[in-house]
Amino acid sequence: MKSESLVGTWRESPLQRLVVNCAVTVGSLILCLLILPTRLPGMELAGIGPNWLLIWVVAWSVNRTMFQGALAGLVLGLIQDGMTAPAPTHILSLMVVGILTARLRKGRYIQEDFISVALIAFGTAVIAETVMAIQYSFQADRSLVEIWTYHQLIALSSAILSSLWAPVVYFPLNRWWQWIDSLEQQ
Amino acid sequence: MYTLRRWWDRHRLRVILASLAVGSALLIRQTQATPLFEVYQLLSRAFQPNLAKQNLLESAQDQELRERLTELESQNQRLRALLGYVSEAKKPGIKVPVVGRSADHWWQQLILGRGSNDNVKAGYVVMAPGGVVGRVTSVTPNTSRVLLLSDPSSRIGITISRSRFMGYMRGQSTSHAVMEFFDKVPDVRRGDVVSTSTLSQLFPAGMPVGRVESVNLNKSPAPEATIELSAPIGFLEWAVVYPHDPATQPVVEPGQTPDQKSKQ
């Protein structure tokens, strides 16, 4: 009963709907950010956890334009830079992920379900770590051999874990955004 | 003008939301994610290890060894005083829980559950059971971020305790690190204990780091040794932060005693 009345008020007042939508989106993002420094048992491989920000960017960009995907990458990259260190930057890798994901969906090569989102997360995680490794290579701070052997380890672990955990973020968030969209179109 | 106006009317909301998002992200970046880490610390408080209990669990033998070490240290201090060698007394450390790790995969960092409210400052040295693990790089009111020795960007001057041959160590993102010697033919064996050297500015001298696991004397340009870090960097639950100010660290030049330096 109560939820019915809630939906009723949201249908009537777009402003309230917008505020709630923003709150849910930002809330999910904060949840991803807070879980980032943890290494929960069962959620890590060789000390490496899932890349939650990448999963969020994928979930966001799947049904959006390339520009929106890039914007999400920029925002999350800035935050991750603040949480670790600004050089080399995470903005580039996350923006590439956002743009690529939006581009893939635009092409309609892939159907929308759990498996394809997990696949996108797998591929983009490898690409994101590669972008980071290329940046490190230009920095000349460590030797190339060290960078690329370490890249193999983290690209694979992070890709496996991110693809396995991607549906956990993608499914509820996407359901929510679809529901809000359907309310808006009514 | 009219098209611009129409575009603004249509996209006003999106533009405002996007600039808000970018603005707050920039703010978070400039503040080193302080609000995020504060919330993280608040939420993780329930899961932090009980430090009082940890103290009780330390065994009696550990206690005995520690007392003997204190005795030897004070003897050493007295002998040094007789020789006219001035060294500052060891300051007490702050025991802190480890609440998190690096927020990405490339950096080797720790998040500690105490910050500037508990007098932790950037540049302080972090020890764990076993030896040095790293150094505080940034602090928020209730958390601090530590750059681990295992990070490839952290370089530290170390010395072989037995033969006093020096070199520097760089991390390898694992529990092993690589030491490069300054000398062509160092006297080093497998199992030698390694500690921070007097040339290290970021760390006080004589703190245990690890032990030599293998030696490669044929390596060019300098001989190398693989060091196994003695602190279990992969699964730390708590650490001790020691005050250390790199600026006040006396830099002793060759052929000069610390006394002469202070007189200059």
# chains A, B, ... in the order shown; residues from 1 in each chain; ligands from 1
$ interface_residues --of "chain A" --to "chain B" --cutoff "9 Å" --atoms "only C-alpha atoms" --output "PyMOL selection string"
chain A and resi 30+33-39+47-49+51+68+71-72+74-86+129+132-133+141-142+146+150-151+154+158
$ write_last_selection --atoms "C-alpha atoms" --output "CSV table (one decimal), in the first residue's frame"
chain,number,residue,atom,x,y,z
A,30,ILE,CA,29.5,5.6,-2.7
A,33,LEU,CA,33.9,3.5,-3.4
A,34,LEU,CA,33.7,2.4,0.2
A,35,ILE,CA,34.1,-1.3,-0.7
A,36,LEU,CA,37.2,-0.4,-2.9
A,37,PRO,CA,39.8,-0.4,-0.1
A,38,THR,CA,38.5,-3.7,1.5
A,39,ARG,CA,39.9,-7.1,0.6
A,47,GLY,CA,45.6,-9.9,-3.0
A,48,ILE,CA,43.6,-8.3,-5.8
A,49,GLY,CA,40.0,-7.5,-5.5
A,51,ASN,CA,37.5,-3.3,-9.7
A,68,GLN,CA,27.7,10.0,-20.7
A,71,LEU,CA,31.7,11.7,-18.1
A,72,ALA,CA,31.2,8.9,-15.6
A,74,LEU,CA,36.1,11.3,-15.7
A,75,VAL,CA,34.2,11.6,-12.4
A,76,LEU,CA,35.2,8.2,-11.0
A,77,GLY,CA,38.7,8.6,-12.3
A,78,LEU,CA,39.1,11.9,-10.4
A,79,ILE,CA,37.8,10.3,-7.2
A,80,GLN,CA,40.1,7.2,-7.6
A,81,ASP,CA,43.1,9.5,-8.2
A,82,GLY,CA,42.2,11.2,-4.9
A,83,MET,CA,42.0,7.8,-3.1
A,84,THR,CA,45.4,6.6,-4.4
A,85,ALA,CA,47.8,8.9,-6.2
A,86,PRO,CA,47.2,11.2,-9.2
A,129,GLU,CA,44.7,-2.3,-16.7
A,132,MET,CA,47.4,1.9,-16.8
A,133,ALA,CA,50.4,-0.2,-17.7
A,141,ASP,CA,59.8,4.9,-13.0
A,142,ARG,CA,60.0,1.1,-13.1
A,146,GLU,CA,58.4,-5.5,-14.1
A,150,TYR,CA,52.7,-7.4,-13.0
A,151,HIS,CA,50.2,-6.3,-15.6
A,154,ILE,CA,46.5,-8.0,-12.2
A,158,SER,CA,40.9,-8.2,-11.8
$ select_by_dssp --residues "stretch 11-222 of chain B" --states "strand (DSSP E)" --output "ChimeraX atom specification"
/B:94-101,109-112,125-128,131-139,144-148,155-160,166-171,176-181,193-196,208-216
$ write_last_selection --atoms "C-alpha atoms" --output "compact mmCIF listing (two decimals), in the first residue's frame"
# COMPACT_ATOMS: atom_id res chain seq x y z
CA ILE B 94 51.06 4.67 18.35
CA LYS B 95 49.31 1.34 17.92
CA VAL B 96 46.80 1.46 15.06
CA PRO B 97 44.49 -1.00 13.33
CA VAL B 98 44.84 -1.66 9.60
CA VAL B 99 41.41 -1.01 8.07
CA GLY B 100 41.99 -1.24 4.34
CA ARG B 101 44.29 -1.52 1.39
CA GLN B 109 49.11 0.99 0.16
CA LEU B 110 47.51 0.49 3.56
CA ILE B 111 44.71 2.47 5.17
CA LEU B 112 45.22 2.84 8.93
CA VAL B 125 57.34 5.35 9.99
CA VAL B 126 55.04 2.32 10.17
CA MET B 127 56.23 -0.88 11.83
CA ALA B 128 54.44 -4.20 12.03
CA GLY B 131 59.86 -5.04 10.84
CA VAL B 132 59.29 -1.84 8.89
CA VAL B 133 56.40 -1.92 6.45
CA GLY B 134 56.25 1.62 5.10
CA ARG B 135 55.67 5.27 5.73
CA VAL B 136 52.64 7.50 6.14
CA THR B 137 52.04 9.57 3.01
CA SER B 138 48.82 11.39 3.84
CA VAL B 139 46.49 11.74 6.81
CA SER B 144 46.07 7.66 7.31
CA ARG B 145 47.47 6.27 4.09
CA VAL B 146 50.69 4.29 4.10
CA LEU B 147 52.97 3.65 1.14
CA LEU B 148 54.32 0.13 1.65
CA ARG B 155 63.07 3.12 -2.46
CA ILE B 156 64.82 2.73 0.83
CA GLY B 157 68.48 2.70 1.82
CA ILE B 158 69.35 -0.55 3.59
CA THR B 159 72.43 -2.26 4.95
CA ILE B 160 73.46 -5.85 5.59
CA MET B 166 74.99 -0.86 1.85
CA GLY B 167 72.58 -0.62 -1.02
CA TYR B 168 69.06 0.40 -1.78
CA MET B 169 65.92 -1.68 -1.99
CA ARG B 170 62.95 -1.29 -4.28
CA GLY B 171 59.64 -3.09 -3.96
CA HIS B 176 59.91 -9.90 -1.89
CA ALA B 177 62.04 -6.90 -2.84
CA VAL B 178 65.23 -6.36 -4.78
CA MET B 179 68.33 -4.89 -3.18
CA GLU B 180 70.99 -3.27 -5.33
CA PHE B 181 74.44 -2.91 -3.77
CA VAL B 193 69.55 -9.84 8.21
CA VAL B 194 68.87 -6.52 6.50
CA SER B 195 68.03 -3.25 8.24
CA THR B 196 67.55 0.39 7.27
CA PRO B 208 64.73 -4.47 10.74
CA VAL B 209 63.49 -4.92 7.17
CA GLY B 210 63.96 -8.58 6.23
CA ARG B 211 66.51 -11.18 5.28
CA VAL B 212 68.44 -12.08 2.14
CA GLU B 213 66.89 -14.91 0.21
CA SER B 214 69.17 -15.15 -2.81
CA VAL B 215 72.17 -13.29 -4.17
CA ASN B 216 73.10 -12.55 -7.76
$ atom_distance --atom1 "atom CA of A:Pro167" --atom2 "atom CA of B:Val15"
29.3 Å
$ residues_around --residues "A:Ser61" --least-positions-apart "3" --cutoff "9 Å" --atoms "only C-alpha atoms" --output "ChimeraX atom specification"
/A:56-58,64-66,68-70,72,97-103,105
$ residues_around --residues "B:Gly93" --least-positions-apart "4" --cutoff "8 Å" --atoms "only C-alpha atoms" --output "ChimeraX atom specification"
/B:240-243
$ atom_distance --atom1 "atom CA of A:Ser143" --atom2 "atom CA of A:Thr89"
18.8 Å
$ atom_distance --atom1 "atom CA of B:Ile16" --atom2 "atom CA of A:Gln16"
16.4 Å
$ select_by_dssp --residues "stretch 10-178 of chain A" --states "helix (DSSP H, G or I)" --output "PDB file with C-alpha atoms, in the first residue's frame"
ATOM      1  CA  TRP A  10       6.873  10.161  -7.797  1.00  0.00           C
ATOM      2  CA  ARG A  11       4.736   9.944 -10.903  1.00  0.00           C
ATOM      3  CA  GLU A  12       3.210  13.292 -10.155  1.00  0.00           C
ATOM      4  CA  PRO A  14       9.290  14.981 -11.381  1.00  0.00           C
ATOM      5  CA  LEU A  15      11.487  16.920  -8.971  1.00  0.00           C
ATOM      6  CA  GLN A  16      11.036  14.379  -6.198  1.00  0.00           C
ATOM      7  CA  ARG A  17      11.690  11.599  -8.665  1.00  0.00           C
ATOM      8  CA  LEU A  18      14.870  13.290  -9.798  1.00  0.00           C
ATOM      9  CA  VAL A  19      16.112  13.707  -6.231  1.00  0.00           C
ATOM     10  CA  VAL A  20      15.423  10.063  -5.374  1.00  0.00           C
ATOM     11  CA  ASN A  21      17.021   8.891  -8.610  1.00  0.00           C
ATOM     12  CA  CYS A  22      20.135  10.963  -7.932  1.00  0.00           C
ATOM     13  CA  ALA A  23      20.261   9.700  -4.347  1.00  0.00           C
ATOM     14  CA  VAL A  24      20.107   6.060  -5.465  1.00  0.00           C
ATOM     15  CA  THR A  25      22.741   6.608  -8.160  1.00  0.00           C
ATOM     16  CA  VAL A  26      25.130   8.489  -5.899  1.00  0.00           C
ATOM     17  CA  GLY A  27      24.440   6.032  -3.059  1.00  0.00           C
ATOM     18  CA  SER A  28      25.379   3.044  -5.216  1.00  0.00           C
ATOM     19  CA  LEU A  29      28.507   4.875  -6.307  1.00  0.00           C
ATOM     20  CA  ILE A  30      29.502   5.640  -2.708  1.00  0.00           C
ATOM     21  CA  LEU A  31      28.927   1.993  -1.804  1.00  0.00           C
ATOM     22  CA  CYS A  32      31.303   0.973  -4.611  1.00  0.00           C
ATOM     23  CA  LEU A  33      33.870   3.532  -3.427  1.00  0.00           C
ATOM     24  CA  LEU A  34      33.682   2.356   0.176  1.00  0.00           C
ATOM     25  CA  ILE A  35      34.112  -1.281  -0.728  1.00  0.00           C
ATOM     26  CA  TRP A  52      34.257  -1.903  -8.389  1.00  0.00           C
ATOM     27  CA  LEU A  53      34.540   1.474 -10.093  1.00  0.00           C
ATOM     28  CA  LEU A  54      34.993  -0.226 -13.448  1.00  0.00           C
ATOM     29  CA  ILE A  55      31.904  -2.351 -12.793  1.00  0.00           C
ATOM     30  CA  TRP A  56      29.937   0.787 -11.945  1.00  0.00           C
ATOM     31  CA  VAL A  57      31.104   2.571 -15.095  1.00  0.00           C
ATOM     32  CA  VAL A  58      30.118  -0.469 -17.179  1.00  0.00           C
ATOM     33  CA  ALA A  59      26.682  -0.651 -15.523  1.00  0.00           C
ATOM     34  CA  TRP A  60      26.186   3.079 -16.120  1.00  0.00           C
ATOM     35  CA  SER A  61      27.365   3.174 -19.720  1.00  0.00           C
ATOM     36  CA  MET A  66      29.363   7.631 -25.282  1.00  0.00           C
ATOM     37  CA  PHE A  67      29.513  11.128 -23.837  1.00  0.00           C
ATOM     38  CA  GLN A  68      27.741  10.036 -20.663  1.00  0.00           C
ATOM     39  CA  GLY A  69      30.066   7.042 -20.376  1.00  0.00           C
ATOM     40  CA  ALA A  70      33.115   9.280 -20.720  1.00  0.00           C
ATOM     41  CA  LEU A  71      31.722  11.691 -18.122  1.00  0.00           C
ATOM     42  CA  ALA A  72      31.230   8.855 -15.615  1.00  0.00           C
ATOM     43  CA  GLY A  73      34.795   7.728 -16.321  1.00  0.00           C
ATOM     44  CA  LEU A  74      36.079  11.254 -15.703  1.00  0.00           C
ATOM     45  CA  VAL A  75      34.223  11.645 -12.391  1.00  0.00           C
ATOM     46  CA  LEU A  76      35.184   8.229 -11.026  1.00  0.00           C
ATOM     47  CA  GLY A  77      38.740   8.583 -12.279  1.00  0.00           C
ATOM     48  CA  LEU A  78      39.118  11.865 -10.408  1.00  0.00           C
ATOM     49  CA  ILE A  79      37.819  10.263  -7.216  1.00  0.00           C
ATOM     50  CA  GLN A  80      40.090   7.233  -7.553  1.00  0.00           C
ATOM     51  CA  ASP A  81      43.054   9.538  -8.160  1.00  0.00           C
ATOM     52  CA  GLY A  82      42.218  11.206  -4.856  1.00  0.00           C
ATOM     53  CA  MET A  83      42.026   7.835  -3.109  1.00  0.00           C
ATOM     54  CA  ILE A  91      40.773   9.030 -15.502  1.00  0.00           C
ATOM     55  CA  LEU A  92      42.067   7.765 -18.827  1.00  0.00           C
ATOM     56  CA  SER A  93      41.399   4.080 -18.212  1.00  0.00           C
ATOM     57  CA  LEU A  94      37.895   4.614 -16.810  1.00  0.00           C
ATOM     58  CA  MET A  95      36.964   7.014 -19.634  1.00  0.00           C
ATOM     59  CA  VAL A  96      38.083   4.464 -22.212  1.00  0.00           C
ATOM     60  CA  VAL A  97      35.951   1.868 -20.419  1.00  0.00           C
ATOM     61  CA  GLY A  98      32.891   4.161 -20.411  1.00  0.00           C
ATOM     62  CA  ILE A  99      33.233   5.066 -24.083  1.00  0.00           C
ATOM     63  CA  LEU A 100      33.867   1.487 -25.194  1.00  0.00           C
ATOM     64  CA  THR A 101      30.932   0.085 -23.235  1.00  0.00           C
ATOM     65  CA  ALA A 102      28.519   2.697 -24.608  1.00  0.00           C
ATOM     66  CA  ARG A 103      29.895   2.083 -28.098  1.00  0.00           C
ATOM     67  CA  LEU A 104      29.406  -1.692 -27.820  1.00  0.00           C
ATOM     68  CA  ARG A 105      25.801  -1.306 -26.815  1.00  0.00           C
ATOM     69  CA  LYS A 106      25.191   1.247 -29.538  1.00  0.00           C
ATOM     70  CA  GLY A 107      26.385  -1.285 -32.079  1.00  0.00           C
ATOM     71  CA  PHE A 114      24.000 -11.149 -17.200  1.00  0.00           C
ATOM     72  CA  ILE A 115      26.417 -13.002 -19.393  1.00  0.00           C
ATOM     73  CA  SER A 116      27.073 -10.193 -21.819  1.00  0.00           C
ATOM     74  CA  VAL A 117      27.589  -7.673 -19.009  1.00  0.00           C
ATOM     75  CA  ALA A 118      30.048 -10.086 -17.376  1.00  0.00           C
ATOM     76  CA  LEU A 119      31.829 -10.415 -20.715  1.00  0.00           C
ATOM     77  CA  ILE A 120      31.977  -6.639 -21.184  1.00  0.00           C
ATOM     78  CA  ALA A 121      33.363  -6.284 -17.646  1.00  0.00           C
ATOM     79  CA  PHE A 122      36.009  -8.921 -18.399  1.00  0.00           C
ATOM     80  CA  GLY A 123      37.156  -7.255 -21.595  1.00  0.00           C
ATOM     81  CA  THR A 124      37.106  -3.705 -20.277  1.00  0.00           C
ATOM     82  CA  ALA A 125      38.980  -4.705 -17.092  1.00  0.00           C
ATOM     83  CA  VAL A 126      41.830  -6.050 -19.224  1.00  0.00           C
ATOM     84  CA  ILE A 127      41.774  -2.871 -21.332  1.00  0.00           C
ATOM     85  CA  ALA A 128      41.716  -0.608 -18.257  1.00  0.00           C
ATOM     86  CA  GLU A 129      44.744  -2.318 -16.700  1.00  0.00           C
ATOM     87  CA  THR A 130      46.529  -2.171 -20.050  1.00  0.00           C
ATOM     88  CA  VAL A 131      45.926   1.590 -20.265  1.00  0.00           C
ATOM     89  CA  MET A 132      47.422   1.922 -16.774  1.00  0.00           C
ATOM     90  CA  ALA A 133      50.404  -0.234 -17.732  1.00  0.00           C
ATOM     91  CA  ILE A 134      51.052   1.900 -20.828  1.00  0.00           C
ATOM     92  CA  GLN A 135      51.018   5.014 -18.652  1.00  0.00           C
ATOM     93  CA  TYR A 136      53.510   3.399 -16.275  1.00  0.00           C
ATOM     94  CA  SER A 137      55.703   2.481 -19.245  1.00  0.00           C
ATOM     95  CA  PHE A 138      55.891   6.140 -20.257  1.00  0.00           C
ATOM     96  CA  GLN A 139      56.701   7.190 -16.718  1.00  0.00           C
ATOM     97  CA  LEU A 144      59.237  -2.474 -18.533  1.00  0.00           C
ATOM     98  CA  VAL A 145      59.675  -6.138 -17.625  1.00  0.00           C
ATOM     99  CA  GLU A 146      58.407  -5.507 -14.103  1.00  0.00           C
ATOM    100  CA  ILE A 147      55.401  -3.516 -15.332  1.00  0.00           C
ATOM    101  CA  TRP A 148      54.249  -6.027 -17.894  1.00  0.00           C
ATOM    102  CA  THR A 149      54.734  -9.137 -15.737  1.00  0.00           C
ATOM    103  CA  TYR A 150      52.731  -7.447 -12.997  1.00  0.00           C
ATOM    104  CA  HIS A 151      50.187  -6.337 -15.601  1.00  0.00           C
ATOM    105  CA  GLN A 152      49.560  -9.963 -16.575  1.00  0.00           C
ATOM    106  CA  LEU A 153      48.814 -10.903 -12.986  1.00  0.00           C
ATOM    107  CA  ILE A 154      46.477  -8.038 -12.182  1.00  0.00           C
ATOM    108  CA  ALA A 155      44.762  -7.858 -15.568  1.00  0.00           C
ATOM    109  CA  LEU A 156      43.734 -11.486 -15.306  1.00  0.00           C
ATOM    110  CA  SER A 157      42.720 -11.501 -11.608  1.00  0.00           C
ATOM    111  CA  SER A 158      40.902  -8.193 -11.842  1.00  0.00           C
ATOM    112  CA  ALA A 159      39.125  -9.240 -15.059  1.00  0.00           C
ATOM    113  CA  ILE A 160      37.952 -12.541 -13.592  1.00  0.00           C
ATOM    114  CA  LEU A 161      36.740 -11.008 -10.337  1.00  0.00           C
ATOM    115  CA  SER A 162      35.165  -7.952 -11.953  1.00  0.00           C
ATOM    116  CA  SER A 163      33.243 -10.065 -14.438  1.00  0.00           C
ATOM    117  CA  LEU A 164      31.989 -12.351 -11.678  1.00  0.00           C
ATOM    118  CA  TRP A 165      30.825  -9.472  -9.482  1.00  0.00           C
ATOM    119  CA  ALA A 166      29.529  -7.239 -12.283  1.00  0.00           C
ATOM    120  CA  PRO A 167      25.936  -8.572 -12.211  1.00  0.00           C
ATOM    121  CA  VAL A 168      25.693  -7.727  -8.495  1.00  0.00           C
ATOM    122  CA  VAL A 169      26.011  -4.030  -9.315  1.00  0.00           C
ATOM    123  CA  TYR A 170      24.530  -4.083 -12.792  1.00  0.00           C
ATOM    124  CA  PHE A 171      21.284  -5.923 -12.161  1.00  0.00           C
ATOM    125  CA  PRO A 172      19.692  -3.833  -9.359  1.00  0.00           C
ATOM    126  CA  LEU A 173      20.975  -0.538 -10.759  1.00  0.00           C
ATOM    127  CA  ASN A 174      19.745  -1.256 -14.252  1.00  0.00           C
ATOM    128  CA  ARG A 175      16.357  -2.387 -12.984  1.00  0.00           C
ATOM    129  CA  TRP A 176      16.090   0.858 -11.046  1.00  0.00           C
ATOM    130  CA  TRP A 177      17.049   3.076 -13.995  1.00  0.00           C
ATOM    131  CA  GLN A 178      14.657   1.231 -16.313  1.00  0.00           C
TER     132      GLN A 178
END
$ residues_around --residues "B:Asp245" --least-positions-apart "4" --cutoff "10 Å" --atoms "only C-alpha atoms" --output "PyMOL selection string"
chain B and resi 121-125+201-204+249
$ write_last_selection --atoms "N, CA and C atoms" --output "PDB file, in the first residue's frame"
ATOM      1  N   LYS B 121      51.212  11.828  11.668  1.00  0.00           N
ATOM      2  CA  LYS B 121      51.531  12.841  10.653  1.00  0.00           C
ATOM      3  C   LYS B 121      52.173  12.183   9.443  1.00  0.00           C
ATOM      4  N   ALA B 122      52.129  12.884   8.318  1.00  0.00           N
ATOM      5  CA  ALA B 122      52.768  12.371   7.106  1.00  0.00           C
ATOM      6  C   ALA B 122      54.272  12.277   7.341  1.00  0.00           C
ATOM      7  N   GLY B 123      54.895  11.193   6.869  1.00  0.00           N
ATOM      8  CA  GLY B 123      56.328  11.010   7.055  1.00  0.00           C
ATOM      9  C   GLY B 123      56.651  10.086   8.217  1.00  0.00           C
ATOM     10  N   TYR B 124      55.660   9.763   9.030  1.00  0.00           N
ATOM     11  CA  TYR B 124      55.902   8.849  10.146  1.00  0.00           C
ATOM     12  C   TYR B 124      56.181   7.442   9.618  1.00  0.00           C
ATOM     13  N   VAL B 125      56.932   6.684  10.409  1.00  0.00           N
ATOM     14  CA  VAL B 125      57.337   5.348   9.986  1.00  0.00           C
ATOM     15  C   VAL B 125      56.374   4.309  10.556  1.00  0.00           C
ATOM     16  N   GLN B 201      67.100   8.673   4.524  1.00  0.00           N
ATOM     17  CA  GLN B 201      66.564   9.904   5.107  1.00  0.00           C
ATOM     18  C   GLN B 201      65.123   9.725   5.545  1.00  0.00           C
ATOM     19  N   LEU B 202      64.407   8.844   4.857  1.00  0.00           N
ATOM     20  CA  LEU B 202      62.980   8.706   5.133  1.00  0.00           C
ATOM     21  C   LEU B 202      62.713   7.785   6.311  1.00  0.00           C
ATOM     22  N   PHE B 203      63.703   6.935   6.636  1.00  0.00           N
ATOM     23  CA  PHE B 203      63.520   6.001   7.743  1.00  0.00           C
ATOM     24  C   PHE B 203      64.668   6.150   8.720  1.00  0.00           C
ATOM     25  N   PRO B 204      64.418   5.990  10.017  1.00  0.00           N
ATOM     26  CA  PRO B 204      65.511   5.999  10.977  1.00  0.00           C
ATOM     27  C   PRO B 204      66.407   4.772  10.771  1.00  0.00           C
ATOM     28  N   GLN B 249      66.596  14.544  10.797  1.00  0.00           N
ATOM     29  CA  GLN B 249      67.525  13.420  10.724  1.00  0.00           C
ATOM     30  C   GLN B 249      68.925  13.942  10.413  1.00  0.00           C
TER      31      GLN B 249
END
